[in-house]
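S.K.: One structure follows; several queries about it will come next.
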Amino acid sequence: MLGIEQKKGNDEQLCGRMIAYARILPSPDAEPAETPFDDMIKNGLLTLEGDFRQAEHKPSRREVNRAVDAKFNNFLKTMEENGVELPENLDVDAMRERLHELSNMEVIPIPARIGNFNNEEDILKEDADIYYIGEFIGANQAHYCLTTLPIYYQAKYREQAKRNEMDMLNEMLLQFEEGDFVNTEDIQKDTEELFPKGLTLNTFMGDLSKLLNVRVIPFLLACESDSEYDTQIQLFYAFMKGYPDQKDIKRIDKALRELRKQSDSIEARNLLELSCKRINAIYNEDSQLASELLKQIETIEN
């Protein structure tokens, strides 16, 4: 679209972090004097990156409306105390409703910043959806393009997230109607395979922490051969397909493989423990704990 080339990622499943870059050619009429973009360009590349995965907590519509009502009522009370009369044609209820509408308008922020990359190879190593917008003579027009692309990207990312939530809800409703929900005890009755066929996180009702620590991890560590492990870990991936941050699942897989080779690996054991805790935190919608655990994980990995 418009000459934009996707260098990495999948438009049908955006990861939430994007990098866009342009190649800047020398402008024939450029003055020797410095321009505002000089410090942003490195080796002829102007780069912008944005991470939209960590959504800030937003108050509910009801909370916003209550806050608006409190301020509006205080405003009316102050006017009354000061002897200020409202215009005869002023509809207070209509004004209140309009304030509610304005306060609940969804505005898309643009948490994007200039990237710090020396070359294209470094950009392509990043874990992100990466877009190349082409060559530009001078940085002015390139900067316009780069700063508007995150708006479109974030809107598409949010739309995909909403659709995924709807699909998950529909799947849960269908399973509820069919009575196919499974709890921790039901899974533990099956000793031949890690999970019953067709079971996913969306149809699981129970203690996920107990499932991971009592069933999944011991089962995978006890696999007698690598081929058996490969088969069972794929069942784990399939079960967790509805989990929003697949990096945690891959991290558990990597840690388990390391522990199967070297059972006394402290780093692998710590990563395994923290990843399981983070999955449980996200499953229970404890975003603060999930963020704290991610910082601990990144400290170990870095």
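Chain labels run A, B, ... following the order of the structure tokens; each chain numbers its residues from 1, and ligands are numbered from 1 in the order shown.
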Using only C-alpha atoms, which residues sit within 10 Å of Ser291 of chain A once same-chain residues fewer than 3 positions away are excluded, as a VMD selection string?
M.R.: chain A and resid 54 278 281 to 282 286 to 288 294 to 297
S.K.: Only N, CA, C and O atoms, please: the residues just picked out, written as a JSON list (two decimals), in the first residue's frame.
M.R.:
```
[["chain", "number", "residue", "atom", "x", "y", "z"],
["A", 54, "GLN", "N", 1.48, -2.28, 25.93],
["A", 54, "GLN", "CA", 1.18, -1.97, 27.33],
["A", 54, "GLN", "C", 0.14, -0.87, 27.39],
["A", 54, "GLN", "O", 0.47, 0.31, 27.41],
["A", 278, "ARG", "N", 3.79, -15.35, 35.74],
["A", 278, "ARG", "CA", 3.29, -14.26, 34.90],
["A", 278, "ARG", "C", 2.06, -14.71, 34.10],
["A", 278, "ARG", "O", 1.10, -13.96, 33.94],
["A", 281, "ALA", "N", -0.76, -14.56, 36.41],
["A", 281, "ALA", "CA", -1.15, -13.17, 36.69],
["A", 281, "ALA", "C", -1.98, -12.59, 35.56],
["A", 281, "ALA", "O", -3.01, -11.94, 35.79],
["A", 282, "ILE", "N", -1.56, -12.83, 34.32],
["A", 282, "ILE", "CA", -2.31, -12.32, 33.17],
["A", 282, "ILE", "C", -3.67, -13.03, 33.08],
["A", 282, "ILE", "O", -4.69, -12.40, 32.78],
["A", 286, "ASP", "N", -4.23, -9.57, 36.55],
["A", 286, "ASP", "CA", -3.43, -8.76, 37.48],
["A", 286, "ASP", "C", -2.28, -8.15, 36.67],
["A", 286, "ASP", "O", -1.16, -8.66, 36.66],
["A", 287, "SER", "N", -2.57, -7.04, 35.98],
["A", 287, "SER", "CA", -1.59, -6.44, 35.08],
["A", 287, "SER", "C", -0.38, -5.89, 35.81],
["A", 287, "SER", "O", 0.74, -5.92, 35.28],
["A", 288, "GLN", "N", -0.58, -5.38, 37.01],
["A", 288, "GLN", "CA", 0.55, -4.83, 37.76],
["A", 288, "GLN", "C", 1.56, -5.92, 38.11],
["A", 288, "GLN", "O", 2.77, -5.75, 37.92],
["A", 294, "LEU", "N", 7.54, -9.42, 34.53],
["A", 294, "LEU", "CA", 8.24, -9.26, 33.25],
["A", 294, "LEU", "C", 9.57, -8.55, 33.46],
["A", 294, "LEU", "O", 10.58, -8.90, 32.82],
["A", 295, "LYS", "N", 9.60, -7.56, 34.34],
["A", 295, "LYS", "CA", 10.86, -6.86, 34.62],
["A", 295, "LYS", "C", 11.88, -7.82, 35.22],
["A", 295, "LYS", "O", 13.07, -7.76, 34.88],
["A", 296, "GLN", "N", 11.43, -8.70, 36.11],
["A", 296, "GLN", "CA", 12.34, -9.69, 36.70],
["A", 296, "GLN", "C", 12.87, -10.65, 35.63],
["A", 296, "GLN", "O", 14.05, -11.01, 35.63],
["A", 297, "ILE", "N", 11.99, -11.03, 34.73],
["A", 297, "ILE", "CA", 12.39, -11.94, 33.64],
["A", 297, "ILE", "C", 13.43, -11.27, 32.74],
["A", 297, "ILE", "O", 14.45, -11.87, 32.38]]
```
S.K.: Go ahead and compute the interatomic distance for atom CA of Pro150 of chain A and atom CA of Ile137 of chain A, in Å to one decimal.
M.R.: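 Computing the Euclidean distance for atom CA of Pro150 of chain A and atom CA of Ile137 of chain A yields 21.7 Å.
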S.K.: Could you jot down the atom CA of Leu235 of chain A to atom CA of Ile279 of chain A separation for me, Å, one decimal place?
M.R.: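 These atoms are spaced 16.7 Å apart.
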S.K.: Write out as a compact mmCIF listing (two decimals) with N, CA and C atoms, in the first residue's frame each polymer residue whose atoms come within 10 Å of segment 121-123 of chain A, counting only C-alpha atoms; drop sequence neighbours fewer than 3 positions from it.
M.R.:
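What follows is the written file out17.txt:
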```
# COMPACT_ATOMS: atom_id res chain seq x y z
N LYS A 7 8.66 -5.53 6.03
CA LYS A 7 9.89 -6.30 6.07
C LYS A 7 9.82 -7.47 7.05
N LYS A 8 8.97 -7.34 8.05
CA LYS A 8 8.89 -8.38 9.08
C LYS A 8 7.53 -8.31 9.76
N ILE A 19 8.08 -0.84 13.96
CA ILE A 19 9.21 0.01 13.59
C ILE A 19 9.02 0.38 12.12
N ALA A 20 9.09 1.65 11.82
CA ALA A 20 9.01 2.11 10.44
C ALA A 20 10.26 2.94 10.14
N TYR A 21 10.78 2.76 8.94
CA TYR A 21 11.99 3.51 8.62
C TYR A 21 12.00 3.92 7.15
N THR A 47 14.25 6.56 11.48
CA THR A 47 13.48 5.44 12.03
C THR A 47 12.54 5.91 13.13
N GLY A 115 13.70 6.15 16.46
CA GLY A 115 14.50 4.97 16.75
C GLY A 115 15.99 5.26 16.71
N ASN A 116 16.75 4.43 17.39
CA ASN A 116 18.20 4.60 17.47
C ASN A 116 18.88 3.38 16.85
N PHE A 117 18.89 3.32 15.53
CA PHE A 117 19.47 2.19 14.81
C PHE A 117 20.52 2.69 13.83
N ASN A 118 21.62 1.96 13.74
CA ASN A 118 22.72 2.38 12.88
C ASN A 118 22.59 1.88 11.46
N GLU A 126 15.10 -6.72 15.31
CA GLU A 126 14.17 -6.40 16.39
C GLU A 126 12.91 -7.27 16.31
N ASP A 127 12.34 -7.54 17.48
CA ASP A 127 11.10 -8.30 17.58
C ASP A 127 9.94 -7.33 17.42
N ALA A 128 9.53 -7.10 16.18
CA ALA A 128 8.51 -6.09 15.90
C ALA A 128 7.96 -6.29 14.50
N ILE A 130 7.82 -4.64 11.14
CA ILE A 130 8.76 -3.66 10.58
C ILE A 130 8.33 -3.26 9.17
N TYR A 131 8.32 -1.94 8.93
CA TYR A 131 7.86 -1.40 7.65
C TYR A 131 8.91 -0.45 7.07
```
S.K.: Write out as JSON, numbers by chain the set of residues from segment 84-154 of chain A that DSSP, computed on the backbone, places in helix (DSSP H, G or I).
M.R.: {"A": [92, 93, 94, 95, 96, 97, 98, 99, 100, 101, 102, 103, 120, 121, 122, 123, 124, 140, 141, 142, 143, 144, 145, 146, 147, 148, 149, 150, 151, 152, 153, 154]}
S.K.: Export, as a tab-separated table (two decimals), in the first residue's frame, the selected residues with N, CA and C atoms.
M.R.:
```
chain	number	residue	atom	x	y	z
A	92	VAL	N	-29.98	21.99	31.04
A	92	VAL	CA	-28.92	21.43	31.89
A	92	VAL	C	-28.70	19.95	31.62
A	93	ASP	N	-29.78	19.20	31.46
A	93	ASP	CA	-29.65	17.76	31.21
A	93	ASP	C	-28.97	17.48	29.88
A	94	ALA	N	-29.31	18.28	28.86
A	94	ALA	CA	-28.68	18.10	27.55
A	94	ALA	C	-27.19	18.43	27.62
A	95	MET	N	-26.86	19.47	28.38
A	95	MET	CA	-25.45	19.83	28.54
A	95	MET	C	-24.69	18.72	29.28
A	96	ARG	N	-25.33	18.16	30.30
A	96	ARG	CA	-24.70	17.08	31.05
A	96	ARG	C	-24.44	15.87	30.14
A	97	GLU	N	-25.43	15.56	29.30
A	97	GLU	CA	-25.28	14.43	28.39
A	97	GLU	C	-24.17	14.68	27.38
A	98	ARG	N	-24.08	15.92	26.92
A	98	ARG	CA	-23.03	16.27	25.95
A	98	ARG	C	-21.65	16.16	26.60
A	99	LEU	N	-21.53	16.56	27.84
A	99	LEU	CA	-20.27	16.43	28.56
A	99	LEU	C	-19.88	14.96	28.72
A	100	HIS	N	-20.87	14.11	28.95
A	100	HIS	CA	-20.60	12.67	29.03
A	100	HIS	C	-20.04	12.16	27.71
A	101	GLU	N	-20.64	12.58	26.61
A	101	GLU	CA	-20.19	12.13	25.30
A	101	GLU	C	-18.75	12.57	25.02
A	102	LEU	N	-18.46	13.83	25.32
A	102	LEU	CA	-17.12	14.36	25.07
A	102	LEU	C	-16.07	13.67	25.95
A	103	SER	N	-16.44	13.39	27.19
A	103	SER	CA	-15.48	12.79	28.12
A	103	SER	C	-15.18	11.34	27.77
A	120	GLU	N	20.18	-1.06	8.61
A	120	GLU	CA	18.96	-1.84	8.36
A	120	GLU	C	19.04	-3.21	9.02
A	121	GLU	N	20.22	-3.79	9.08
A	121	GLU	CA	20.37	-5.11	9.69
A	121	GLU	C	19.96	-5.08	11.16
A	122	ASP	N	20.35	-4.02	11.87
A	122	ASP	CA	19.97	-3.90	13.28
A	122	ASP	C	18.46	-3.76	13.44
A	123	ILE	N	17.84	-3.04	12.52
A	123	ILE	CA	16.39	-2.87	12.58
A	123	ILE	C	15.68	-4.21	12.43
A	124	LEU	N	16.13	-5.00	11.45
A	124	LEU	CA	15.46	-6.26	11.14
A	124	LEU	C	15.66	-7.32	12.21
A	140	ASN	N	11.99	15.92	5.44
A	140	ASN	CA	10.71	16.53	5.79
A	140	ASN	C	9.52	15.62	5.49
A	141	GLN	N	9.39	15.18	4.24
A	141	GLN	CA	8.24	14.35	3.86
A	141	GLN	C	8.31	12.98	4.51
A	142	ALA	N	9.52	12.46	4.66
A	142	ALA	CA	9.67	11.16	5.33
A	142	ALA	C	9.18	11.24	6.77
A	143	HIS	N	9.46	12.35	7.41
A	143	HIS	CA	9.03	12.52	8.80
A	143	HIS	C	7.51	12.56	8.90
A	144	TYR	N	6.86	13.23	7.94
A	144	TYR	CA	5.39	13.26	7.93
A	144	TYR	C	4.82	11.84	7.82
A	145	CYS	N	5.37	11.07	6.90
A	145	CYS	CA	4.88	9.70	6.69
A	145	CYS	C	5.11	8.83	7.92
A	146	LEU	N	6.28	8.94	8.49
A	146	LEU	CA	6.62	8.10	9.64
A	146	LEU	C	5.75	8.41	10.85
A	147	THR	N	5.43	9.67	11.06
A	147	THR	CA	4.65	10.03	12.25
A	147	THR	C	3.17	9.72	12.12
A	148	THR	N	2.68	9.55	10.90
A	148	THR	CA	1.26	9.20	10.73
A	148	THR	C	1.03	7.69	10.70
A	149	LEU	N	2.03	6.92	10.31
A	149	LEU	CA	1.87	5.47	10.22
A	149	LEU	C	1.50	4.83	11.55
A	150	PRO	N	2.07	5.26	12.69
A	150	PRO	CA	1.68	4.64	13.98
A	150	PRO	C	0.20	4.79	14.32
A	151	ILE	N	-0.44	5.86	13.84
A	151	ILE	CA	-1.88	6.04	14.10
A	151	ILE	C	-2.66	4.90	13.45
A	152	TYR	N	-2.34	4.64	12.19
A	152	TYR	CA	-3.02	3.57	11.45
A	152	TYR	C	-2.70	2.22	12.07
A	153	TYR	N	-1.42	2.02	12.40
A	153	TYR	CA	-1.00	0.74	12.97
A	153	TYR	C	-1.72	0.46	14.29
A	154	GLN	N	-1.75	1.47	15.15
A	154	GLN	CA	-2.37	1.25	16.46
A	154	GLN	C	-3.86	0.98	16.34
```
S.K.: Just to confirm, what's the straight-line distance from atom CA of Gln6 of chain A to atom CA of Lys162 of chain A in Å (one decimal)?
M.R.: 23.0 Å
S.K.: Near Gln234 of chain A, within 10 Å and counting only C-alpha atoms, which residues show up once chain neighbours fewer than 5 positions away are dropped, as a list of chain:residue names?
M.R.: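 Result of the neighbour search: A:Leu194, A:Tyr229, A:Phe239, A:Met240, A:Asp253.
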S.K.: With all heavy atoms retained, write the just-selected residues as a PDB file, in the first residue's frame.
M.R.:
```
ATOM      1  N   LEU A 194      -0.900 -34.863  27.600  1.00  0.00           N
ATOM      2  CA  LEU A 194      -0.884 -33.696  28.475  1.00  0.00           C
ATOM      3  C   LEU A 194      -2.262 -33.065  28.602  1.00  0.00           C
ATOM      4  O   LEU A 194      -2.684 -32.673  29.687  1.00  0.00           O
ATOM      5  CB  LEU A 194       0.122 -32.672  27.928  1.00  0.00           C
ATOM      6  CG  LEU A 194       0.371 -31.430  28.770  1.00  0.00           C
ATOM      7  CD1 LEU A 194       0.801 -31.812  30.182  1.00  0.00           C
ATOM      8  CD2 LEU A 194       1.422 -30.543  28.113  1.00  0.00           C
ATOM      9  N   TYR A 229       8.649 -35.393  24.030  1.00  0.00           N
ATOM     10  CA  TYR A 229       8.523 -34.019  24.529  1.00  0.00           C
ATOM     11  C   TYR A 229       7.989 -33.097  23.433  1.00  0.00           C
ATOM     12  O   TYR A 229       7.102 -32.279  23.676  1.00  0.00           O
ATOM     13  CB  TYR A 229       9.875 -33.511  25.030  1.00  0.00           C
ATOM     14  CG  TYR A 229       9.845 -32.057  25.435  1.00  0.00           C
ATOM     15  CD1 TYR A 229       9.443 -31.676  26.716  1.00  0.00           C
ATOM     16  CD2 TYR A 229      10.188 -31.051  24.525  1.00  0.00           C
ATOM     17  CE1 TYR A 229       9.389 -30.335  27.083  1.00  0.00           C
ATOM     18  CE2 TYR A 229      10.135 -29.712  24.886  1.00  0.00           C
ATOM     19  CZ  TYR A 229       9.740 -29.360  26.162  1.00  0.00           C
ATOM     20  OH  TYR A 229       9.675 -28.029  26.514  1.00  0.00           O
ATOM     21  N   PHE A 239      -3.047 -25.659  23.599  1.00  0.00           N
ATOM     22  CA  PHE A 239      -3.892 -25.317  24.741  1.00  0.00           C
ATOM     23  C   PHE A 239      -3.812 -23.823  25.051  1.00  0.00           C
ATOM     24  O   PHE A 239      -4.807 -23.180  25.373  1.00  0.00           O
ATOM     25  CB  PHE A 239      -3.449 -26.125  25.962  1.00  0.00           C
ATOM     26  CG  PHE A 239      -4.148 -25.736  27.242  1.00  0.00           C
ATOM     27  CD1 PHE A 239      -5.434 -26.172  27.506  1.00  0.00           C
ATOM     28  CD2 PHE A 239      -3.511 -24.930  28.180  1.00  0.00           C
ATOM     29  CE1 PHE A 239      -6.084 -25.809  28.684  1.00  0.00           C
ATOM     30  CE2 PHE A 239      -4.147 -24.565  29.354  1.00  0.00           C
ATOM     31  CZ  PHE A 239      -5.437 -25.005  29.607  1.00  0.00           C
ATOM     32  N   MET A 240      -2.611 -23.245  24.923  1.00  0.00           N
ATOM     33  CA  MET A 240      -2.381 -21.847  25.296  1.00  0.00           C
ATOM     34  C   MET A 240      -2.520 -20.888  24.118  1.00  0.00           C
ATOM     35  O   MET A 240      -2.098 -19.733  24.204  1.00  0.00           O
ATOM     36  CB  MET A 240      -0.977 -21.700  25.897  1.00  0.00           C
ATOM     37  CG  MET A 240      -0.753 -22.472  27.186  1.00  0.00           C
ATOM     38  SD  MET A 240      -1.797 -21.916  28.561  1.00  0.00           S
ATOM     39  CE  MET A 240      -1.173 -20.256  28.826  1.00  0.00           C
ATOM     40  N   ASP A 253       8.953 -23.225  27.196  1.00  0.00           N
ATOM     41  CA  ASP A 253       9.470 -24.303  26.347  1.00  0.00           C
ATOM     42  C   ASP A 253      10.996 -24.320  26.378  1.00  0.00           C
ATOM     43  O   ASP A 253      11.629 -25.372  26.568  1.00  0.00           O
ATOM     44  CB  ASP A 253       8.955 -24.100  24.918  1.00  0.00           C
ATOM     45  CG  ASP A 253       9.381 -25.212  23.969  1.00  0.00           C
ATOM     46  OD1 ASP A 253       9.921 -26.235  24.442  1.00  0.00           O
ATOM     47  OD2 ASP A 253       9.174 -25.050  22.750  1.00  0.00           O
TER      48      ASP A 253
END
```
S.K.: Which is closer to Ala112 of chain A than all the others in A:Ala70, A:Ile133, A:Leu48, A:Leu274, using only C-alpha atoms?
M.R.: A:Leu48
S.K.: Would you list the contacts of segment 256-258 of chain A as JSON, numbers by chain, taking every protein, DNA or RNA residue within 10 Å and counting only C-alpha atoms, but skipping same-chain residues closer than 3 positions in sequence?
M.R.: {"A": [217, 218, 220, 221, 226, 229, 230, 233, 250, 251, 252, 253, 261, 262, 263, 264, 265, 267, 268, 269, 271, 272]}
